[in-house]
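Asks: This is the structure, below, for whatever I ask next.
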Protein chains: 2
Amino acid sequence: MSDRQKEVTIYDIAQKLNISAATVSRGLKDHPGTNKETKKKILAAASEMGYHSNSFASSLRTKRGNIIGVIVPRLNSNFMSDVIAGIEKVVNESGYNLFISQSLEEMEKEVSNAKAMYNNRVDGLLVSLAYNTNNINHFEAFIKRNIPVIFFDRVHEHQQCPSIFIDNYKAAYNITNHLIEQGCKRIMHIGGSQLRNVYIDRFNGYKRALEDHKIPFEDELLIINDLSAQSGARAAQQILEMKTQPDGVFVANDLCAISCMQLLKKQGIRIPEDIAFAGFNNDPTSCVIEPNLTTIDYRGYEMGEVAAKVLIGHLDNNNDLIQTHSLILRSELIVRDSSRKKE
Amino acid sequence: MSDRQKEVTIYDIAQKLNISAATVSRGLKDHPGTNKETKKKILAAASEMGYHSNSFASSLRTKRGNIIGVIVPRLNSNFMSDVIAGIEKVVNESGYNLFISQSLEEMEKEVSNAKAMYNNRVDGLLVSLAYNTNNINHFEAFIKRNIPVIFFDRVHEHQQCPSIFIDNYKAAYNITNHLIEQGCKRIMHIGGSQLRNVYIDRFNGYKRALEDHKIPFEDELLIINDLSAQSGARAAQQILEMKTQPDGVFVANDLCAISCMQLLKKQGIRIPEDIAFAGFNNDPTSCVIEPNLTTIDYRGYEMGEVAAKVLIGHLDNNNDLIQTHSLILRSELIVRDSSRKKE
DNA sequence: CTGTTAGCGCCTTCAA
DNA sequence: TTGAAGGCGCTAACAG
């Protein structure tokens with residue numbers, strides 16, 4: 001925009017009031033030791049003249065932009081949009097601004113987003129890793145300069161980066177255990193990228209539960225995919241083609257679980273009588289599908305709030321070194337009809 | 001963060017290469033007319049020294065931050081997170097950054113968010129209005145300075161602000177018409193804030209369809225609420241208590257429709273035999289509920305992409321005056337079992 | 001093709 | 001309590 005009107009600056013205010021710009025600058029932000037009268041005049045003039053602080057100038061000078069950056073795999077999942085909403089609330093209330101970008105599950109994009117965040121001099125970064133990210137060198141620049149990086153949900157252990165997540169291992173253990181208690185003997189697991197903690201841990205929790213019940217783990221009963229709805233339908237197809245079908249399925253997210261259930265139901269499989277189901281996430285859809293889906297509840301909104309609070313706590317306390325201090329949030333098994341073998 | 005290492009600047013590069021900072025600045029961004037060799041050396045040095053452009057300084061100088069601001073009612077709805085994902089994609093690909101904030105359906109918050117966006121000197125603004133916003137004076141500052149403001153979905157007519165939305169009137173007309181064709185004679189409408197175009201238009205489309213079929217509109221058959229799940233359940237309760245129940249319900253969003261259906265089903269109401277249902281939005285839940293919900297499909301992702309493209313088109317063409325040029329995107333009636341009266 | 005110069009608007013010593 | 005002065009890092013004339 002070329003002919004944008006020029007903005008009112010502190011100099012304009014200073015001139016009008018016959019004082020110095022320095023005084024205006026101080027008056028505008030409760031600098032200790034400013035005459036109350038002058039301050040009042042300054043504020044009055046500022047609002048009358050339509051003054052708006054220029055944050056570029058201020059950021060350049062102070063080296064702080066009051067910006068928090070967020071990089072997530074996708075914005076449009078139920079879980080992630082809850083997280084973002086929680087982050088936004090805290091960030092907004094604390095007077096920061098929010099830069100958001102999505103990696104679309106590609107490490108390459110994550111790297112370029114991180115670079116953009118860096119150039120924009122975010123004060124701190126909240127990250128949930130892409131599907132295929134296999135190293136986090138792209139965050140080293142931040143860490144080296146004490147710009148806090150906090151991982152959430154899809155995290156990466158790092159000396160200097162706190163992580164915020166749930167106990168996926170335990171949750172998966174519990175839900176698999178529950179299936180076993182319902183009488184399931186051949187339990188399939190549909191999981192996600194074994195690069196990501198969340199899916200590794202869910203898989204391991206599942207395996208451990210089998211083990212504890214002396215049920216051998218079978219390769220045939222493991223499907224690793226991207227946990228999309230399409231993949232859920234494909235998995236259902238695979239199940240239908242099996243010689244010996246499973247009598248229980250634990251899927252690492254609800255989206256995939258539900259699309260799998262829908263296709264099986266259409267083919268006459270009875271849930272839970274023939275095959276019991278369990279998911280993960282407590283998506284809204286999980287209590288719309290019939291039978292309602294047994295799942296793990298963990299609130300994205302809360303995770304977003306917590307992550308943002310931890311980050312802003314660091315920033316506002318001016319801690320130079322971020323102490324690694326990870327948080328494990330609560331999650332909960334929710335038993336619904338999809339896993340209640342009735343017999 | 002106090003002891004953040006000082007950053008490498010173009011001066012450092014200039015010094016090392018024994019050239020001027022201006023040349024470095026030019027070399028760094030393909031300025032037409034820069035020796036290829038020098039440029040190569042500059043880029044090499046920059047990457048070797050770990051140079052990162054300081055966007056505060058650059059923005060201060062050029063008065064452009066390459067930032068696009070977004071203000072929406074809530075981030076965590078299926079529709080809105082699709083929109084945001086679409087916006088992010090386009091914005092990111094065009095080299096802009098995205099500032100996001102939510103009004104939480106409160107005009108007051110919308111106003112303060114707008115102010116923050118202004119201070120941060122966004123280059124343009126994408127807005128979907130809060131539930132109770134009753135004027136848009138808070139955007140006048142932008143408009144006055146030729147900072148483009150574009151409304152989408154929940155829009156406001158304004159000489160200088162393009163709007164992007166769907167034909168809610170027609171969609172509502174069609175879906176109501178469909179219910180009538182299925183044999184419904186007493187059709188209830190559950191709608192939202194009559195301050196927002198989307199809900200006004202849906203209501204009017206509904207009324208018009210009744211009219212065209214000589215069905216009188218009855219006050220008793222209108223419920224206006226916030227279209228939340230809770231309100232859906234409450235509406236169901238009201239329906240159950242009615243002397244003469246409706247034989248069809250058109251709800252202005254799927255979320256509310258589904259929660260209403262669930263409660264009615266639990267009370268033994270048969271859908272669609274006793275009461276046919278239609279919603280709006282084509283939420284993922286709409287094809288999970290049984291019977292699947294008849295609804296209106298319009299893609300949030302596409303709306304986000306379009307809105308962002310229109311905005312960036314304006315910015316990159318350096319149009320000083322944004323020509324009002326609104327867009328009506330396609331929407332589509334999707335008939336499912338919730339409205340198929342069988343008899 | 002490159003260097004010189006002069007700010008963008010703000011904040012922050014330092015001195016008064 | 002206030003003012004003067006300098007500079008954050010970059011870019012855009014202008015001149016060479």
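In the structure tokens, chains take the letters A, B, ... in the order shown, each chain's residues start at 1, and ligands count up from 1 in the order shown.
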For segment 1-4 of chain D, find every residue with an atom within 12 Å (counting only C-alpha atoms (C1' of nucleotides)), except residues of its own chain fewer than 6 positions away, and show them as a VMD selection string.

Replies: (chain A and resid 14 18 to 27 31 to 39) or (chain C and resid 12 to 16)

Asks: Please identify which residues in segment 111-287 of chain B DSSP calls helix (DSSP H, G or I) from the backbone, and express them as a ChimeraX atom specification.

Replies: /B:111-119,137-144,168-181,197-212,219-221,229-241,254-266,284-287

Asks: At a cut-off of 12 Å, can you tabulate as a tab-separated table every residue of chain C near chain B together with its closest atom pair and the distance in Å to one decimal, using only C-alpha atoms (C1' of nucleotides) and ordering rows by chain then number?

Replies:
```
residue	atom	partner	partner_atom	distance
C:DC1	C1'	B:Thr34	CA	6.0
C:DT2	C1'	B:Thr23	CA	6.5
C:DG3	C1'	B:Ser20	CA	6.3
C:DT4	C1'	B:Ser20	CA	9.3
C:DT5	C1'	B:Ala22	CA	10.8
C:DA6	C1'	B:Arg61	CA	11.9
C:DG7	C1'	B:Arg61	CA	8.6
C:DC8	C1'	B:Arg61	CA	4.6
C:DG9	C1'	B:Leu60	CA	7.7
C:DC10	C1'	B:Leu60	CA	10.3
```

Asks: Could you list the residues in chain B lying within 6 Å of chain A, using only C-alpha atoms, and format the result as a ChimeraX atom specification?

Replies: /B:1,4-5,52-57,60,75-76,81-82,85,98-100,119-120,145,285,288-289,318,320

Asks: Go ahead and write the selection's residues with N, CA and C atoms as a JSON list (two decimals), in the first residue's frame.

Replies:
```
[["chain", "number", "residue", "atom", "x", "y", "z"],
["B", 1, "MET", "N", 14.69, -12.47, 27.60],
["B", 1, "MET", "CA", 15.97, -13.19, 27.59],
["B", 1, "MET", "C", 17.09, -12.16, 27.50],
["B", 4, "ARG", "N", 20.92, -13.01, 25.31],
["B", 4, "ARG", "CA", 20.85, -13.61, 23.99],
["B", 4, "ARG", "C", 22.05, -13.15, 23.17],
["B", 5, "GLN", "N", 22.73, -14.08, 22.55],
["B", 5, "GLN", "CA", 23.89, -13.71, 21.72],
["B", 5, "GLN", "C", 23.48, -12.67, 20.71],
["B", 52, "HIS", "N", 20.74, -14.26, 9.90],
["B", 52, "HIS", "CA", 19.29, -14.32, 9.75],
["B", 52, "HIS", "C", 18.78, -12.90, 9.67],
["B", 53, "SER", "N", 18.05, -12.62, 8.62],
["B", 53, "SER", "CA", 17.52, -11.26, 8.44],
["B", 53, "SER", "C", 16.66, -10.87, 9.63],
["B", 54, "ASN", "N", 16.81, -9.64, 10.07],
["B", 54, "ASN", "CA", 16.00, -9.15, 11.18],
["B", 54, "ASN", "C", 14.75, -8.48, 10.63],
["B", 55, "SER", "N", 13.65, -9.17, 10.78],
["B", 55, "SER", "CA", 12.46, -8.65, 10.13],
["B", 55, "SER", "C", 11.90, -7.41, 10.83],
["B", 56, "PHE", "N", 12.24, -7.21, 12.08],
["B", 56, "PHE", "CA", 11.78, -5.97, 12.72],
["B", 56, "PHE", "C", 12.37, -4.76, 12.00],
["B", 57, "ALA", "N", 13.68, -4.84, 11.79],
["B", 57, "ALA", "CA", 14.35, -3.71, 11.15],
["B", 57, "ALA", "C", 13.82, -3.52, 9.74],
["B", 60, "LEU", "N", 10.37, -2.09, 9.81],
["B", 60, "LEU", "CA", 10.35, -0.69, 10.21],
["B", 60, "LEU", "C", 10.70, 0.18, 9.02],
["B", 75, "LEU", "N", -11.56, -20.80, 17.34],
["B", 75, "LEU", "CA", -10.67, -21.61, 16.51],
["B", 75, "LEU", "C", -11.08, -23.06, 16.50],
["B", 76, "ASN", "N", -11.74, -23.49, 17.57],
["B", 76, "ASN", "CA", -12.00, -24.91, 17.67],
["B", 76, "ASN", "C", -13.41, -25.32, 17.27],
["B", 81, "SER", "N", -11.62, -24.55, 11.82],
["B", 81, "SER", "CA", -10.25, -25.03, 11.72],
["B", 81, "SER", "C", -9.92, -25.39, 10.27],
["B", 82, "ASP", "N", -10.91, -25.78, 9.52],
["B", 82, "ASP", "CA", -10.69, -25.98, 8.08],
["B", 82, "ASP", "C", -10.37, -24.66, 7.41],
["B", 85, "ALA", "N", -6.90, -23.61, 8.25],
["B", 85, "ALA", "CA", -5.90, -24.43, 7.56],
["B", 85, "ALA", "C", -5.75, -23.94, 6.12],
["B", 98, "LEU", "N", 1.26, -15.36, 9.61],
["B", 98, "LEU", "CA", -0.13, -15.36, 10.04],
["B", 98, "LEU", "C", -0.25, -15.06, 11.53],
["B", 99, "PHE", "N", -0.94, -13.97, 11.83],
["B", 99, "PHE", "CA", -1.29, -13.64, 13.20],
["B", 99, "PHE", "C", -2.72, -14.09, 13.42],
["B", 100, "ILE", "N", -2.97, -14.86, 14.46],
["B", 100, "ILE", "CA", -4.32, -15.36, 14.66],
["B", 100, "ILE", "C", -4.85, -15.00, 16.03],
["B", 119, "ASN", "N", -1.81, -2.38, 15.94],
["B", 119, "ASN", "CA", -0.50, -2.03, 16.49],
["B", 119, "ASN", "C", 0.61, -2.86, 15.87],
["B", 120, "ASN", "N", 0.28, -4.08, 15.57],
["B", 120, "ASN", "CA", 1.29, -4.94, 14.98],
["B", 120, "ASN", "C", 1.40, -4.74, 13.49],
["B", 145, "ARG", "N", -6.75, 3.73, 6.45],
["B", 145, "ARG", "CA", -5.36, 3.73, 5.98],
["B", 145, "ARG", "C", -5.14, 2.72, 4.87],
["B", 285, "THR", "N", -19.32, -35.41, 11.73],
["B", 285, "THR", "CA", -20.31, -36.16, 12.51],
["B", 285, "THR", "C", -21.59, -36.44, 11.73],
["B", 288, "VAL", "N", -21.84, -39.82, 10.57],
["B", 288, "VAL", "CA", -21.61, -40.87, 11.56],
["B", 288, "VAL", "C", -22.91, -41.14, 12.32],
["B", 289, "ILE", "N", -23.66, -40.07, 12.58],
["B", 289, "ILE", "CA", -24.94, -40.23, 13.27],
["B", 289, "ILE", "C", -25.85, -41.13, 12.44],
["B", 318, "ASN", "N", -0.52, -4.20, -4.99],
["B", 318, "ASN", "CA", -0.36, -2.86, -4.50],
["B", 318, "ASN", "C", -1.54, -1.96, -4.87],
["B", 320, "ASP", "N", -4.20, 0.42, -4.21],
["B", 320, "ASP", "CA", -4.40, 1.30, -3.06],
["B", 320, "ASP", "C", -5.82, 1.23, -2.59]]
```

Asks: Select from segment 268-291 of chain A every residue with an atom at most 12 Å from any atom of segment 241-245 of chain A, then for each give the shortest pair of atoms and their distance in Å to one decimal, using only C-alpha atoms, rows by chain and rising number, as a Markdown table.

Replies:
```
| residue | atom | partner | partner_atom | distance |
| --- | --- | --- | --- | --- |
| A:Ile269 | CA | A:Gln245 | CA | 10.6 |
| A:Asp274 | CA | A:Gln245 | CA | 9.0 |
| A:Ile275 | CA | A:Gln245 | CA | 8.4 |
| A:Ala276 | CA | A:Gln245 | CA | 11.5 |
```

Asks: Quick one: which chain D residues come within 9 Å of chain B, and what is the nearest atom pair for each with the distance in Å to one decimal, counting only C-alpha atoms (C1' of nucleotides), rows ordered by chain and ascending number, as CSV?

Replies:
```
residue,atom,partner,partner_atom,distance
D:DC8,C1',B:Ala57,CA,7.8
D:DG9,C1',B:Ala57,CA,5.0
D:DC10,C1',B:Ser58,CA,5.0
D:DT11,C1',B:Arg61,CA,6.3
```

Asks: From the DSSP assignment of the backbone, select every residue of segment 57-271 of chain B that is strand (DSSP E), and format the answer as a PyMOL selection string.

Replies: chain B and resi 67-72+97-102+124-127+149-152+163-166+187-191+222-224+248-251

Asks: Distance atom CA of Leu264 of chain B-atom CA of Ala235 of chain B, one decimal place?

Replies: 9.7 Å

Asks: Using only C-alpha atoms (C1' of nucleotides), which residues sit within 8 Å of Met261 of chain A once same-chain residues fewer than 5 positions away are excluded, as a list in words?

Replies: Ala236, Ile271 and Phe277 of chain A

Asks: How about saving the chosen residues, C-alpha atoms kept, as a PDB file, in the first residue's frame?

Replies:
```pdb
ATOM      1  CA  ALA A 236     -11.163 -52.683   7.503  1.00  0.00           C
ATOM      2  CA  ILE A 271     -19.394 -54.559  17.106  1.00  0.00           C
ATOM      3  CA  PHE A 277     -13.133 -51.598  19.244  1.00  0.00           C
TER       4      PHE A 277
END
```
